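final-v2.csv (CSV, C-alpha atoms and all ligand atoms)
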```
chain,number,residue,atom,x,y,z
A,52,MET,CA,98.4,-13.6,40.6
A,53,PRO,CA,98.0,-11.9,37.2
A,54,ASP,CA,97.7,-8.1,36.8
A,55,LEU,CA,94.4,-8.4,34.9
A,56,SER,CA,91.5,-10.7,35.0
A,57,PHE,CA,89.1,-10.6,32.0
A,58,VAL,CA,85.7,-11.9,33.2
A,59,ILE,CA,83.4,-13.0,30.5
A,60,PRO,CA,79.8,-14.5,30.8
A,61,VAL,CA,79.0,-16.9,28.0
A,62,TYR,CA,75.6,-18.1,27.0
A,63,ASN,CA,75.2,-19.8,23.6
A,64,GLU,CA,78.1,-17.9,21.9
A,65,GLU,CA,79.6,-20.8,20.0
A,66,ALA,CA,80.2,-18.8,16.9
A,67,SER,CA,82.0,-16.0,18.7
A,68,LEU,CA,84.4,-17.8,21.0
A,69,GLU,CA,87.3,-18.5,18.6
A,70,ARG,CA,87.3,-15.0,17.3
A,71,LEU,CA,87.1,-13.7,20.9
A,72,TYR,CA,90.2,-15.7,21.7
A,73,ALA,CA,92.0,-14.3,18.7
A,74,GLU,CA,91.0,-10.7,19.2
A,75,LEU,CA,91.5,-10.6,23.0
A,76,THR,CA,94.9,-12.3,22.7
A,77,ALA,CA,96.0,-9.9,20.1
A,78,ALA,CA,94.8,-6.8,22.0
A,79,ALA,CA,96.2,-8.0,25.4
A,80,ALA,CA,99.7,-8.8,24.1
A,81,PRO,CA,100.9,-5.2,23.7
A,82,LEU,CA,99.6,-4.2,27.2
A,83,LYS,CA,102.7,-5.9,28.7
A,84,LEU,CA,100.7,-7.1,31.7
A,85,SER,CA,100.1,-10.6,32.9
A,86,TYR,CA,96.5,-11.6,32.6
A,87,GLU,CA,94.0,-14.5,32.8
A,88,VAL,CA,90.6,-14.9,31.1
A,89,VAL,CA,87.9,-16.4,33.3
A,90,LEU,CA,84.8,-17.5,31.4
A,91,THR,CA,81.6,-18.7,32.9
A,92,ASP,CA,79.4,-20.8,30.7
A,93,ASP,CA,75.9,-20.1,31.8
A,94,ALA,CA,74.7,-23.6,30.9
A,95,SER,CA,74.8,-23.0,27.1
A,96,THR,CA,72.8,-25.4,25.0
A,97,ASP,CA,75.1,-25.1,22.0
A,98,ARG,CA,78.8,-26.1,21.6
A,99,SER,CA,80.1,-23.2,23.8
A,100,TRP,CA,81.3,-25.4,26.6
A,101,SER,CA,83.3,-27.8,24.4
A,102,ILE,CA,84.9,-24.8,22.7
A,103,LEU,CA,85.8,-23.2,26.1
A,104,GLN,CA,87.4,-26.5,27.1
A,105,GLN,CA,89.5,-26.5,24.0
A,106,LEU,CA,90.6,-22.9,24.5
A,107,ALA,CA,91.5,-23.6,28.1
A,108,GLN,CA,93.6,-26.5,26.9
A,109,ARG,CA,95.3,-24.4,24.3
A,110,ASP,CA,96.2,-21.5,26.5
A,111,PRO,CA,96.8,-21.8,30.3
A,112,ARG,CA,95.7,-18.2,30.8
A,113,TRP,CA,92.2,-19.2,29.7
A,114,ARG,CA,90.0,-21.0,32.2
A,115,ALA,CA,86.3,-21.7,32.3
A,116,GLN,CA,83.6,-23.0,34.6
A,117,ARG,CA,80.2,-24.2,33.7
A,118,PHE,CA,76.9,-23.6,35.5
A,119,ALA,CA,74.6,-26.5,36.3
A,120,TYR,CA,71.7,-24.5,34.9
A,121,ASN,CA,71.1,-21.1,33.3
A,122,CYS,CA,71.5,-18.6,36.0
A,123,GLY,CA,71.6,-15.3,34.2
A,124,GLU,CA,74.3,-12.8,33.2
A,125,SER,CA,74.7,-11.2,36.7
A,126,ALA,CA,75.3,-14.7,38.2
A,127,ALA,CA,77.7,-15.7,35.5
A,128,SER,CA,79.6,-12.4,35.9
A,129,ALA,CA,79.7,-12.6,39.7
A,130,ALA,CA,80.9,-16.2,39.6
A,131,GLY,CA,83.7,-15.2,37.2
A,132,MET,CA,84.7,-12.3,39.5
A,133,LYS,CA,84.8,-14.7,42.4
A,134,ALA,CA,87.1,-17.1,40.5
A,135,ALA,CA,89.3,-14.3,39.3
A,136,GLY,CA,92.6,-13.4,41.0
A,137,GLY,CA,93.9,-10.3,39.1
A,138,ASP,CA,94.3,-6.9,40.7
A,139,ILE,CA,92.2,-5.4,38.0
A,140,ILE,CA,89.0,-6.9,36.7
A,141,ILE,CA,87.8,-6.1,33.2
A,142,THR,CA,84.3,-7.4,32.3
A,143,LEU,CA,83.2,-7.8,28.7
A,144,ASP,CA,80.7,-9.7,26.7
A,145,ALA,CA,81.6,-12.9,24.8
A,146,ASP,CA,80.0,-11.7,21.6
A,147,LEU,CA,82.7,-9.2,20.6
A,148,GLN,CA,80.3,-6.2,20.8
A,149,ASN,CA,82.9,-4.9,23.2
A,150,ASP,CA,86.0,-4.3,21.1
A,151,PRO,CA,89.2,-5.6,22.8
A,152,ALA,CA,91.0,-2.8,21.0
A,153,ASP,CA,89.5,-0.3,23.5
A,154,LEU,CA,91.5,-1.9,26.4
A,155,PRO,CA,94.3,0.7,26.5
A,156,ALA,CA,91.7,3.5,26.9
A,157,PHE,CA,90.2,1.6,29.9
A,158,LEU,CA,93.6,1.2,31.6
A,159,ARG,CA,94.5,4.8,31.0
A,160,ALA,CA,91.3,6.1,32.5
A,161,LEU,CA,91.7,3.7,35.5
A,162,GLU,CA,94.8,5.7,36.5
A,163,ASN,CA,92.5,8.4,37.7
A,164,ALA,CA,89.4,6.5,38.7
A,165,ASP,CA,88.4,3.3,40.6
A,166,CYS,CA,86.0,2.1,38.0
A,167,VAL,CA,85.9,2.9,34.2
A,168,CYS,CA,82.7,2.1,32.3
A,169,GLY,CA,82.3,2.0,28.6
A,170,SER,CA,79.6,4.1,27.1
A,171,ARG,CA,78.4,3.4,23.6
A,172,VAL,CA,78.0,7.1,22.6
A,173,HIS,CA,77.9,6.8,18.9
A,174,HIS,CA,75.0,4.4,19.1
A,175,ARG,CA,74.8,2.3,16.8
A,176,ALA,CA,73.9,-0.1,14.3
A,177,ASP,CA,71.0,-1.4,16.5
A,178,HIS,CA,67.4,-1.3,15.4
A,179,TRP,CA,65.7,2.0,16.4
A,180,VAL,CA,63.3,0.3,18.7
A,181,ARG,CA,66.2,-1.0,20.7
A,182,ARG,CA,68.0,2.3,20.7
A,183,LEU,CA,64.9,4.1,21.9
A,184,SER,CA,64.2,1.6,24.6
A,185,SER,CA,67.8,1.8,25.9
A,186,ARG,CA,67.6,5.5,25.8
A,187,ILE,CA,64.4,5.6,27.8
A,188,ALA,CA,65.7,2.9,30.2
A,189,ASN,CA,68.9,5.0,30.9
A,190,ALA,CA,66.9,8.2,31.4
A,191,VAL,CA,64.4,6.5,33.8
A,192,ARG,CA,67.2,4.7,35.6
A,193,ASN,CA,69.3,7.9,36.1
A,194,ARG,CA,66.3,9.9,37.2
A,195,LEU,CA,65.1,7.4,39.8
A,196,SER,CA,68.4,6.4,41.1
A,197,GLY,CA,69.9,9.9,41.1
A,198,GLU,CA,72.6,8.7,38.8
A,199,SER,CA,74.4,10.0,35.8
A,200,ILE,CA,75.5,6.9,34.0
A,201,SER,CA,74.8,7.4,30.3
A,202,ASP,CA,75.0,3.7,29.3
A,203,ALA,CA,74.3,1.4,32.2
A,204,GLY,CA,73.5,-1.4,29.8
A,205,CYS,CA,77.1,-1.5,28.7
A,206,THR,CA,79.0,-4.0,30.8
A,207,TYR,CA,82.4,-3.3,29.3
A,208,ARG,CA,84.1,-2.1,32.5
A,209,ALA,CA,87.4,-2.1,34.5
A,210,PHE,CA,87.8,-1.8,38.2
A,211,ARG,CA,90.0,-3.0,41.1
A,212,ARG,CA,89.1,-6.4,42.3
A,213,SER,CA,89.4,-5.4,46.0
A,214,MET,CA,86.3,-3.1,45.5
A,215,LEU,CA,84.1,-6.2,45.1
A,216,ALA,CA,84.3,-6.9,48.9
A,217,GLU,CA,82.1,-3.8,49.4
A,218,VAL,CA,79.2,-4.7,47.1
A,219,LYS,CA,76.5,-7.3,47.2
A,220,PHE,CA,75.4,-8.8,43.9
A,221,PHE,CA,71.8,-9.7,43.0
A,222,ARG,CA,70.0,-10.8,39.9
A,223,GLY,CA,70.2,-7.8,37.5
A,224,ALA,CA,73.1,-6.2,39.5
A,225,HIS,CA,75.3,-6.1,36.4
A,226,ARG,CA,73.3,-3.0,35.3
A,227,PHE,CA,73.8,-1.2,38.6
A,228,LEU,CA,77.5,-2.0,39.4
A,229,PRO,CA,78.6,1.6,38.8
A,230,THR,CA,75.9,2.9,41.1
A,231,LEU,CA,76.8,0.2,43.7
A,232,PHE,CA,80.4,1.3,43.6
A,233,ARG,CA,79.6,5.0,43.8
A,234,MET,CA,77.5,4.2,46.9
A,235,GLU,CA,80.7,3.0,48.5
A,236,GLY,CA,82.5,6.2,47.7
A,237,TYR,CA,84.4,5.0,44.7
A,238,ARG,CA,85.1,7.2,41.7
A,239,VAL,CA,83.4,5.9,38.6
A,240,VAL,CA,84.0,7.5,35.2
A,241,GLU,CA,82.8,6.7,31.7
A,242,ILE,CA,84.8,6.6,28.5
A,243,PRO,CA,83.3,6.5,25.0
A,244,ILE,CA,83.7,3.2,23.2
A,245,THR,CA,83.1,2.0,19.7
A,246,PRO,CA,80.1,-0.3,19.8
A,247,ARG,CA,80.1,-3.2,17.3
A,248,GLU,CA,77.3,-5.2,15.9
A,249,ARG,CA,76.8,-8.7,17.0
A,250,PHE,CA,78.2,-10.7,14.1
A,251,ALA,CA,76.9,-14.0,15.3
A,252,GLY,CA,74.5,-15.5,17.7
A,253,TYR,CA,71.6,-13.6,19.2
A,254,SER,CA,70.9,-11.1,22.0
A,255,LYS,CA,69.6,-12.8,25.1
A,256,TYR,CA,67.4,-9.8,26.0
A,257,SER,CA,64.2,-8.3,24.5
A,258,ILE,CA,62.5,-5.1,25.5
A,259,GLY,CA,60.3,-7.1,27.9
A,260,ASN,CA,63.0,-8.8,29.9
A,261,ARG,CA,65.3,-5.9,29.8
A,262,VAL,CA,63.3,-2.7,30.5
A,263,PHE,CA,60.5,-4.1,32.6
A,264,LYS,CA,62.3,-6.6,34.7
A,265,SER,CA,65.1,-4.2,35.6
A,266,PHE,CA,62.5,-1.7,36.9
A,267,ALA,CA,62.0,-3.6,40.1
A,268,ASP,CA,65.8,-3.7,40.6
A,269,LEU,CA,65.9,0.0,40.0
A,270,LEU,CA,63.4,0.7,42.8
A,271,ALA,CA,65.5,-1.6,45.1
A,272,VAL,CA,68.7,0.3,44.3
A,273,ARG,CA,66.9,3.6,44.8
A,274,TRP,CA,65.7,2.5,48.2
A,275,MET,CA,69.1,1.2,49.2
A,276,LYS,CA,70.7,4.4,48.2
A,277,SER,CA,68.2,6.5,50.1
A,278,ARG,CA,68.8,4.4,53.2
A,279,ARG,CA,72.5,4.4,53.1
A,280,LEU,CA,74.1,4.8,56.5
A,281,ASN,CA,75.5,8.2,56.8
A,282,TYR,CA,77.6,9.3,59.8
A,283,ARG,CA,80.7,11.0,60.8
A,284,VAL,CA,82.6,10.3,64.0
A,285,ALA,CA,83.6,13.6,65.7
A,286,GLU,CA,85.5,12.3,68.7
A,287,THR,CA,86.6,9.1,70.4
A,288,THR,CA,88.0,8.2,73.8
A,289,ARG,CA,91.2,6.2,73.6
A,290,ARG,CA,91.0,2.7,71.9
B,301,LIG,N1,74.7,-14.0,29.0
B,301,LIG,C1,74.8,-15.0,30.0
B,301,LIG,N2,73.6,-15.5,30.5
B,301,LIG,C2,72.4,-15.1,30.1
B,301,LIG,C3,72.3,-14.1,29.2
B,301,LIG,C4,73.5,-13.5,28.6
B,301,LIG,O1,75.9,-15.4,30.4
B,301,LIG,O2,71.4,-15.6,30.6
B,301,LIG,C5,75.9,-13.4,28.5
B,301,LIG,C6,76.0,-13.4,26.9
B,301,LIG,O3,76.5,-14.6,26.4
B,301,LIG,C7,76.9,-12.2,26.7
B,301,LIG,C8,76.5,-11.3,27.8
B,301,LIG,O4,76.0,-12.1,28.8
B,301,LIG,O5,78.3,-12.6,26.7
B,301,LIG,C9,75.5,-10.2,27.3
B,301,LIG,O6,74.4,-10.8,26.7
B,301,LIG,P1,73.9,-10.2,25.3
B,301,LIG,O7,75.0,-10.0,24.4
B,301,LIG,O8,72.8,-11.2,24.9
B,301,LIG,O9,73.2,-8.8,25.7
B,301,LIG,P2,73.2,-7.5,24.9
B,301,LIG,O10,74.6,-7.2,24.4
B,301,LIG,O11,72.2,-7.8,23.8
B,301,LIG,O12,72.7,-6.4,25.8
B,302,MG,MG,75.9,-8.4,23.5
```

Using structure tokens, write down the structure from this file.
Amino acid sequence: MPDLSFVIPVYNEEASLERLYAELTAAAAPLKLSYEVVLTDDASTDRSWSILQQLAQRDPRWRAQRFAYNCGESAASAAGMKAAGGDIIITLDADLQNDPADLPAFLRALENADCVCGSRVHHRADHWVRRLSSRIANAVRNRLSGESISDAGCTYRAFRRSMLAEVKFFRGAHRFLPTLFRMEGYRVVEIPITPRERFAGYSKYSIGNRVFKSFADLLAVRWMKSRRLNYRVAETTRR
């Protein structure tokens, strides 16, 4: 089993994949750790799958699976995590908005935490409507879920694979993974990362399907958190 598993959801990212391969391979080499890259093609309608097949043929560390139909980022991410075998999982987007050059910072922070989340502090080249909507979404999310994650929309994260046994995924869960981990008592920290612009392809989300759809998920997470089992055993007879 490798030390690291990179888990990457892919939906219509044909123009990014070769560059992703080059940048990730270059950034991973100096880490001196064994790794694999697990890509899940969420039923792309462009050439993504055929490129992924080529990459998997070129490099045995790269492997891919393809969904039968478009299932969403959470499902693609979860399926990748299930197929992964490394001790540490690092999730990132296929579009290179997450810079592989930040990897050493994630691994360093992981020495004193269970989960490290990237936070795009110096936001960013995005359109102001998008910046504002993500700011509001984060504020509402934190307020209602009693959280303090400054950038839940950033899915560049590192954590130990064993932690996944404790959490249940659902559609939209990728936005709440830090909260789900914290609910299980894990230490979640954030590190600042350098966001990059999407240089090819298009974002799969709009304000409508990002902010409003995730609101229902937020209420569910809030409820789950409030109903968490809380107990402490004081004494036992012999076992
Ligand atoms: N993605 C996916 N299935 C979807 C939507 C997105 O696998 O239905 C992938 C997408 O290819 C990318 C990641 O999830 O690797 C994040 O999507 P995107 O970059 O569009 O989101 P943004 O960065 O704009 O929040
Ligand atoms: Mg993106």

Sorted by chain and rising residue number, list the residues of region 120-219 of chain A at most 8 Å from region 224-235 of chain A (counting all atoms listed in the file), each with its closest atom pair and distance in Å to one decimal, as JSON lines.
```
{"residue": "A:Glu124", "atom": "CA", "partner": "A:His225", "partner_atom": "CA", "distance": 7.5}
{"residue": "A:Ser125", "atom": "CA", "partner": "A:His225", "partner_atom": "CA", "distance": 5.1}
{"residue": "A:Ser128", "atom": "CA", "partner": "A:His225", "partner_atom": "CA", "distance": 7.6}
{"residue": "A:Cys166", "atom": "CA", "partner": "A:Pro229", "partner_atom": "CA", "distance": 7.5}
{"residue": "A:Cys168", "atom": "CA", "partner": "A:Pro229", "partner_atom": "CA", "distance": 7.7}
{"residue": "A:Glu198", "atom": "CA", "partner": "A:Thr230", "partner_atom": "CA", "distance": 7.1}
{"residue": "A:Ile200", "atom": "CA", "partner": "A:Pro229", "partner_atom": "CA", "distance": 7.8}
{"residue": "A:Ala203", "atom": "CA", "partner": "A:Arg226", "partner_atom": "CA", "distance": 5.5}
{"residue": "A:Gly204", "atom": "CA", "partner": "A:Arg226", "partner_atom": "CA", "distance": 5.7}
{"residue": "A:Cys205", "atom": "CA", "partner": "A:Arg226", "partner_atom": "CA", "distance": 7.8}
{"residue": "A:Thr206", "atom": "CA", "partner": "A:His225", "partner_atom": "CA", "distance": 7.0}
{"residue": "A:Met214", "atom": "CA", "partner": "A:Phe232", "partner_atom": "CA", "distance": 7.6}
{"residue": "A:Glu217", "atom": "CA", "partner": "A:Glu235", "partner_atom": "CA", "distance": 7.0}
{"residue": "A:Val218", "atom": "CA", "partner": "A:Leu231", "partner_atom": "CA", "distance": 6.4}
```

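A distance cut-off of 6 Å from ligand LIG 301 (chain B), applied to only C-alpha atoms and all ligand atoms, picks out the residues Pro60, Val61, Tyr62, Glu64, Asp93, Gly123, Glu124, Ala127, Asp144, Ala145, Asp146, Ser254, Lys255 and Tyr256 of chain A.
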
(message) List as a PyMOL selection string the protein and nucleic acid residues near Ala267 (chain A), meaning an atom at most 12 Å away when all atoms listed in the file are counted, but skip any in the same chain fewer than 3 places from it.
(response) chain A and resi 192+195-196+221-224+260-264+270-274

(message) Applying 12 Å and all atoms listed in the file, which residues near Thr76 (chain A) remain after dropping the ones on its own chain fewer than 2 positions away? List them as a PyMOL selection string.
(response) chain A and resi 57+68-74+78-88+106+110+112-113+151-152+154

(request) Considering only C-alpha atoms, state which residue in the set A:Ala129, A:Asn163, A:Phe266, A:Ile102 is at the smallest distance from Ile187 (chain A). (result) A:Phe266

(message) I need the residue nearest Val58 (chain A) from this list: A:Ala160, A:Met275, A:Ile139, A:Ala107. Use all atoms listed in the file for the distance.
(response) A:Ile139

(request) Can you work out the spacing between CA of Ile244 (chain A) and CA of Phe157 (chain A) in Å, to one decimal? (result)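 Interatomic distance here is 9.5 Å.
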
(request) Just give me the gap between CA of Ile242 (chain A) and CA of Thr142 (chain A) in Å, one decimal is fine. (result)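 Pair CA of Ile242 (chain A) / CA of Thr142 (chain A) returns 14.5 Å.
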
(request) Pick out the closest residue to ligand MG 302 (chain B) from this set: A:Ala251, A:Leu103, A:Val239, A:Val89. Count all atoms listed in the file. (result)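 Checking each of A:Ala251, A:Leu103, A:Val239, A:Val89 against ligand MG 302 (chain B), counting all atoms listed in the file, the winner is A:Ala251.
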
(message) Nearest residue to ligand MG 302 (chain B) out of A:Ser184, A:Ser257, A:Thr91, A:Gln104, using all atoms listed in the file?
(response) A:Ser257

(message) I'd like to know which of A:Arg249, A:Arg283, A:Arg171, A:Arg289 is closest to ligand MG 302 (chain B), using only C-alpha atoms and all ligand atoms.
(response)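 Of all the options, A:Arg249 lies closest to ligand MG 302 (chain B).
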
(request) Could you jot down the CA of Ala164 (chain A) to CA of Gly236 (chain A) separation for me, Å, one decimal place? (result) 11.3 Å

(message) For a quick check of understanding, using only C-alpha atoms and all ligand atoms, which of A:Leu147, A:Val284, A:Leu75, A:Leu55 has the smallest distance to ligand MG 302 (chain B)?
(response)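 Ranking A:Leu147, A:Val284, A:Leu75, A:Leu55 by distance to ligand MG 302 (chain B), first place goes to A:Leu147.
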